[in-house]
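Note: the block below is run15.cif and it holds mmCIF, C-alpha atoms.
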data_target
#
loop_
_atom_site.label_atom_id
_atom_site.label_comp_id
_atom_site.auth_asym_id
_atom_site.auth_seq_id
_atom_site.Cartn_x
_atom_site.Cartn_y
_atom_site.Cartn_z
CA MET B 1 81.97 123.75 47.45
CA ILE B 2 80.21 122.98 50.73
CA VAL B 3 83.35 121.30 52.08
CA ASN B 4 85.50 124.32 51.20
CA GLY B 5 83.03 126.64 52.93
CA LEU B 6 83.04 124.44 56.03
CA ILE B 7 86.84 124.49 56.16
CA VAL B 8 86.92 128.28 55.85
CA PHE B 9 84.30 128.56 58.60
CA ILE B 10 86.33 126.33 60.96
CA GLN B 11 89.51 128.28 60.26
CA MET B 12 87.76 131.55 61.05
CA GLY B 13 86.42 130.07 64.29
CA LEU B 14 89.88 128.92 65.36
CA LEU B 15 91.35 132.32 64.55
CA ALA B 16 88.65 134.01 66.64
CA LEU B 17 89.41 131.68 69.56
CA LEU B 18 93.14 132.43 69.36
CA VAL B 19 92.46 136.18 69.37
CA LEU B 20 90.14 135.77 72.38
CA LEU B 21 92.77 133.72 74.21
CA ALA B 22 95.46 136.32 73.56
CA ILE B 23 93.21 139.11 74.85
CA ARG B 24 92.39 137.08 77.98
CA MET B 25 96.06 136.40 78.72
CA ILE B 26 96.99 140.06 78.34
CA THR B 27 94.15 141.02 80.69
CA LEU B 28 95.28 138.51 83.33
CA VAL B 29 98.92 139.65 83.15
CA ARG B 30 97.88 143.25 83.66
CA THR B 31 95.42 142.65 86.50
CA GLU B 32 97.20 139.95 88.56
CA PRO B 33 99.88 142.21 90.12
CA LEU B 34 97.13 144.55 91.32
CA ALA B 35 95.11 141.65 92.72
CA ALA B 36 98.16 140.35 94.58
CA GLY B 37 98.78 143.78 96.07
CA HIS B 38 95.16 144.14 97.17
CA GLN B 39 95.30 140.73 98.80
CA LYS B 40 98.38 141.69 100.82
CA VAL B 41 96.76 144.91 102.03
CA TRP B 42 93.54 143.07 102.95
CA GLN B 43 95.46 140.42 104.89
CA GLY B 44 97.33 143.13 106.75
CA LYS B 45 94.07 144.82 107.71
CA GLN B 46 92.62 141.51 108.89
CA SER B 47 95.62 140.87 111.20
CA GLY B 48 95.51 144.42 112.53
CA GLU B 49 98.98 145.34 111.30
CA SER B 50 99.84 148.90 110.39
CA HIS B 51 101.66 149.42 107.14
CA SER B 52 104.12 152.12 106.20
CA PRO B 53 103.53 154.31 103.13
CA GLU B 54 106.32 152.44 101.37
CA PHE B 55 104.46 149.15 101.79
CA THR B 56 101.09 150.43 100.64
CA ALA B 57 102.59 152.21 97.67
CA GLY B 58 104.03 148.87 96.58
CA THR B 59 107.08 149.20 94.41
CA SER B 60 106.72 145.48 93.60
CA GLU B 61 103.44 143.67 94.04
CA TRP B 62 104.57 140.20 92.99
CA PRO B 63 104.63 137.70 95.88
CA VAL B 64 108.13 136.53 96.80
CA ALA B 65 108.72 132.79 97.16
CA VAL B 66 110.50 131.84 100.37
CA ARG B 67 112.76 128.80 100.27
CA LYS B 68 112.50 126.71 103.41
CA PRO B 69 115.62 124.93 104.63
CA VAL B 70 115.77 121.25 103.79
CA VAL B 71 115.54 119.21 106.96
CA ASP B 72 115.64 115.51 107.62
CA ALA B 73 112.02 114.88 108.36
CA ALA B 74 111.10 112.49 111.05
CA PRO B 75 110.05 109.08 109.74
CA ASP B 76 106.46 107.84 109.86
CA ARG B 77 105.51 104.75 111.88
CA ALA B 78 106.32 102.20 109.18
CA GLU B 79 109.66 103.80 108.38
CA LEU B 80 110.50 104.09 112.10
CA ILE B 81 109.83 100.38 112.61
CA THR B 82 112.01 99.53 109.60
CA ARG B 83 114.88 101.67 110.86
CA LEU B 84 114.68 100.22 114.36
CA HIS B 85 114.65 96.67 112.97
CA ILE B 86 117.77 97.43 110.92
CA LEU B 87 119.54 99.09 113.83
CA ALA B 88 118.60 96.34 116.26
CA GLY B 89 119.81 93.70 113.80
CA LEU B 90 123.14 95.47 113.37
CA GLN B 91 123.65 95.77 117.13
CA GLU B 92 122.62 92.16 117.74
CA ARG B 93 125.24 91.03 115.22
CA ASP B 94 127.87 93.30 116.78
CA CYS B 95 127.14 91.78 120.19
CA ARG B 96 127.37 88.24 118.77
CA VAL B 97 130.70 88.99 117.07
CA ASN B 98 132.04 90.22 120.42
CA GLY B 99 130.86 87.11 122.24
CA LEU B 100 127.58 88.35 123.70
CA GLU B 101 124.60 86.27 122.59
CA LEU B 102 121.52 88.31 123.44
CA SER B 103 119.06 85.45 122.88
CA THR B 104 120.68 83.39 125.67
CA ALA B 105 121.69 86.29 127.91
CA PRO B 106 120.03 86.88 131.30
CA ASP B 107 116.77 88.82 131.28
CA ALA B 108 118.51 91.77 132.93
CA VAL B 109 120.86 92.07 129.95
CA LYS B 110 117.94 91.79 127.55
CA ALA B 111 116.24 94.61 129.48
CA TYR B 112 119.38 96.74 128.99
CA ALA B 113 119.09 96.08 125.27
CA ALA B 114 115.46 97.23 125.39
CA ALA B 115 116.55 100.45 127.13
CA TRP B 116 119.22 101.03 124.46
CA LEU B 117 116.72 100.43 121.68
CA TYR B 118 114.24 102.80 123.32
CA GLY B 119 116.90 105.52 123.28
CA ALA B 120 117.45 104.78 119.61
CA GLY B 121 113.71 105.01 118.99
CA CYS B 122 113.59 108.43 120.65
CA ALA B 123 116.46 109.64 118.46
CA LEU B 124 114.69 108.49 115.30
CA SER B 125 111.23 109.78 116.27
CA ASP B 126 109.58 113.14 116.01
CA LYS B 127 109.71 115.14 119.25
CA SER B 128 105.95 114.88 119.65
CA THR B 129 106.06 111.07 119.75
CA ARG B 130 109.11 110.59 121.96
CA HIS B 131 108.49 109.00 125.36
CA SER B 132 105.03 107.91 124.22
CA THR B 133 103.18 104.69 124.90
CA ALA B 134 103.11 103.96 121.16
CA LEU B 135 106.89 104.21 120.86
CA ALA B 136 107.40 102.05 123.95
CA GLY B 137 105.13 99.42 122.39
CA ILE B 138 107.07 99.43 119.12
CA VAL B 139 110.41 99.13 120.92
CA ALA B 140 109.14 96.37 123.21
CA GLN B 141 107.93 94.36 120.22
CA ILE B 142 111.25 94.67 118.37
CA ALA B 143 113.27 93.98 121.52
CA SER B 144 111.20 90.85 122.11
CA ARG B 145 111.89 89.59 118.60
CA LYS B 146 115.61 90.30 118.73
CA THR B 147 116.38 89.16 122.28
CA GLY B 148 113.53 86.89 123.36
CA LEU B 149 112.57 89.19 126.24
CA ARG B 150 108.83 89.16 126.91
CA GLN B 151 107.11 92.35 125.81
CA PRO B 152 105.66 93.21 129.26
CA GLU B 153 109.16 92.97 130.74
CA ALA B 154 110.53 95.20 127.97
CA VAL B 155 107.81 97.78 128.65
CA GLN B 156 108.60 97.56 132.37
CA ALA B 157 112.27 98.27 131.69
CA ILE B 158 111.36 101.25 129.51
CA SER B 159 108.92 102.68 132.06
CA THR B 160 111.47 102.46 134.89
CA LEU B 161 114.46 103.99 133.12
CA THR B 162 115.04 106.62 135.77
CA ALA B 163 115.11 104.01 138.54
CA SER B 164 118.33 102.43 137.27
CA THR B 165 121.63 104.05 136.38
CA VAL B 166 122.39 101.16 134.03
CA PHE B 167 119.09 101.63 132.18
CA LEU B 168 119.77 105.36 131.87
CA ALA B 169 123.30 104.74 130.59
CA CYS B 170 122.01 102.29 127.97
CA PHE B 171 119.22 104.67 127.01
CA ARG B 172 121.70 107.54 126.47
CA ALA B 173 124.01 105.31 124.47
CA GLY B 174 121.11 104.28 122.24
CA LEU B 175 120.07 107.91 121.82
CA GLU B 176 123.58 109.01 120.83
CA GLY B 177 124.30 105.94 118.72
CA ALA B 178 121.10 106.19 116.67
CA GLU B 179 121.50 109.93 116.19
CA PHE B 180 125.00 109.34 114.80
CA TRP B 181 123.80 106.36 112.69
CA ARG B 182 121.00 108.48 111.26
CA TYR B 183 123.46 110.75 109.46
CA ASN B 184 126.61 108.60 109.16
CA HIS B 185 125.14 105.10 108.66
CA TYR B 186 127.12 103.46 111.45
CA VAL B 187 127.13 103.44 115.24
CA PRO B 188 130.38 104.51 116.90
CA PRO B 189 131.78 101.80 119.21
CA THR B 190 131.47 104.05 122.27
CA SER B 191 127.69 104.25 121.75
CA SER B 192 127.12 100.66 120.68
CA LEU B 193 124.79 98.30 122.51
CA TYR B 194 127.67 95.96 123.35
CA GLU B 195 129.73 98.77 124.89
CA ALA B 196 126.72 100.11 126.81
CA ILE B 197 126.03 96.69 128.36
CA THR B 198 129.60 95.65 129.11
CA ALA B 199 130.63 99.06 130.46
CA ASN B 200 127.69 99.40 132.82
CA ALA B 201 126.75 95.86 133.88
CA PHE B 202 128.51 92.83 135.26
CA ILE B 203 128.02 89.95 132.82
#
Please lay out the structure from this file as structure tokens.
Amino acid sequence: MIVNGLIVFIQMGLLALLVLLAIRMITLVRTEPLAAGHQKVWQGKQSGESHSPEFTAGTSEWPVAVRKPVVDAAPDRAELITRLHILAGLQERDCRVNGLELSTAPDAVKAYAAAWLYGAGCALSDKSTRHSTALAGIVAQIASRKTGLRQPEAVQAISTLTASTVFLACFRAGLEGAEFWRYNHYVPPTSSLYEAITANAFI
């Protein structure tokens, strides 16, 4: 008898909670459009904007979701380093296939490779980090690993791009090649590291 009474009591409690929940939901549905409208008007007053009667009357108070265009976000530092390693490896292999061994090439040629890779780094970086000391350091480190050029010499080549037409040509080729590779997954021959070096330097 006690058990049956306890069960009935619990069932009544659950029913009361369901009724309370339904009432709360109905109240929220009815009041939220008004709250959204008041928030819009308050924000307009805060920014000093004047509103037309049509806006304040509010034929529809529900906020409208705005879809932002999908863009290829710039990579973070780790992803940038990974991409540059991949791109440098692909270009090193392309040079080797065409008879240019970067590891045994003169330092001037290795510096051209650093300039090309710096252009690629700029293409793959966010605009705020292009031409920065951090990017130059990343490129110098990768160029040193791939070509054997000392990092200070790679940084020197990067910092004096405008002093050499060959450096600038390699930089532009790297910029264009990496930009194309970013969306098409290959570097066109006209923008390759091998073409940039052989077309602009005597080797």
Please enclose the listed atoms of stretch 139-158 of chain B in an axis-aligned box, pad each side by 3 Å, and write out the centre and the three edge lengths in Å, rounded to one decimal, as JSON.
{"center_x": 111.0, "center_y": 94.1, "center_z": 125.4, "size_x": 16.7, "size_y": 20.4, "size_z": 20.0}
Practice problem: Name all residues at most 9 Å from B:Gly121 (count all atoms listed in the file; drop same-chain ones fewer than 3 positions away) and give them as a list in words. | Solution: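 With the cut-off at 9 Å, the set is Leu80, Ile81, Arg83, Leu84, Trp116, Leu117, Tyr118, Leu124, Ser125, Arg130, Leu135, Ala136, Ile138, Val139, Gly174, Leu175 and Ala178 of chain B.
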Practice problem: Provide the atom CA of B:Thr147 to atom CA of B:Ser191 distance in Å, to one decimal place. | Solution: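 A separation of 18.9 Å between them.
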Quiz item: Hey, which of B:Leu161, B:Ile86, B:Ala123, B:Val166 ends up closest to B:Ile142? Count only C-alpha atoms.
Solution: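 Distance minimum relative to B:Ile142 lands on B:Ile86.
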Would you translate the PyMOL selection byres ((chain B and resi 87-102) around 9) into the concrete set of residues it matches in this file, as a CSV table (one decimal) with C-alpha atoms, in the frame of the given file?
chain,number,residue,atom,x,y,z
B,82,THR,CA,112.0,99.5,109.6
B,83,ARG,CA,114.9,101.7,110.9
B,84,LEU,CA,114.7,100.2,114.4
B,85,HIS,CA,114.6,96.7,113.0
B,86,ILE,CA,117.8,97.4,110.9
B,103,SER,CA,119.1,85.4,122.9
B,104,THR,CA,120.7,83.4,125.7
B,105,ALA,CA,121.7,86.3,127.9
B,106,PRO,CA,120.0,86.9,131.3
B,109,VAL,CA,120.9,92.1,130.0
B,110,LYS,CA,117.9,91.8,127.6
B,113,ALA,CA,119.1,96.1,125.3
B,117,LEU,CA,116.7,100.4,121.7
B,120,ALA,CA,117.4,104.8,119.6
B,142,ILE,CA,111.2,94.7,118.4
B,143,ALA,CA,113.3,94.0,121.5
B,146,LYS,CA,115.6,90.3,118.7
B,147,THR,CA,116.4,89.2,122.3
B,148,GLY,CA,113.5,86.9,123.4
B,178,ALA,CA,121.1,106.2,116.7
B,181,TRP,CA,123.8,106.4,112.7
B,187,VAL,CA,127.1,103.4,115.2
B,192,SER,CA,127.1,100.7,120.7
B,193,LEU,CA,124.8,98.3,122.5
B,194,TYR,CA,127.7,96.0,123.4
B,195,GLU,CA,129.7,98.8,124.9
Quiz item: If you measure from atom CA of B:Ala196 to atom CA of B:Cys170, what distance in Å do you get, rounded to one decimal?
Solution: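 Computing it gives 5.3 Å between the two atoms.
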Quiz item: What does the distance from atom CA of B:Ala140 to atom CA of B:Ala114 come to in Å, to one decimal?
Solution: 6.7 Å
Quiz item: Smallest atom-to-atom distance to B:Gly119: which of B:Ile2, B:Leu17, B:Ile158, B:Val8, using all atoms listed in the file?
Solution: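 Closest to B:Gly119, using all atoms listed in the file: B:Ile158.
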Quiz prompt | Resolved residues for the PyMOL selection byres ((chain B and resi 160) around 12) as a PyMOL selection string | solution = chain B and resi 111-112+114-115+118+131+136+153-159+161-168+171
Can you write just those residues out, C-alpha atoms, as an mmCIF file, keeping the file's coordinate frame?
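result.cif, written as the output of this step:
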data_model
loop_
_atom_site.group_PDB
_atom_site.id
_atom_site.type_symbol
_atom_site.label_atom_id
_atom_site.label_comp_id
_atom_site.auth_asym_id
_atom_site.auth_seq_id
_atom_site.Cartn_x
_atom_site.Cartn_y
_atom_site.Cartn_z
ATOM 1 C CA ALA B 111 116.240 94.610 129.480
ATOM 2 C CA TYR B 112 119.380 96.740 128.990
ATOM 3 C CA ALA B 114 115.460 97.230 125.390
ATOM 4 C CA ALA B 115 116.550 100.450 127.130
ATOM 5 C CA TYR B 118 114.240 102.800 123.320
ATOM 6 C CA HIS B 131 108.490 109.000 125.360
ATOM 7 C CA ALA B 136 107.400 102.050 123.950
ATOM 8 C CA GLU B 153 109.160 92.970 130.740
ATOM 9 C CA ALA B 154 110.530 95.200 127.970
ATOM 10 C CA VAL B 155 107.810 97.780 128.650
ATOM 11 C CA GLN B 156 108.600 97.560 132.370
ATOM 12 C CA ALA B 157 112.270 98.270 131.690
ATOM 13 C CA ILE B 158 111.360 101.250 129.510
ATOM 14 C CA SER B 159 108.920 102.680 132.060
ATOM 15 C CA LEU B 161 114.460 103.990 133.120
ATOM 16 C CA THR B 162 115.040 106.620 135.770
ATOM 17 C CA ALA B 163 115.110 104.010 138.540
ATOM 18 C CA SER B 164 118.330 102.430 137.270
ATOM 19 C CA THR B 165 121.630 104.050 136.380
ATOM 20 C CA VAL B 166 122.390 101.160 134.030
ATOM 21 C CA PHE B 167 119.090 101.630 132.180
ATOM 22 C CA LEU B 168 119.770 105.360 131.870
ATOM 23 C CA PHE B 171 119.220 104.670 127.010
#
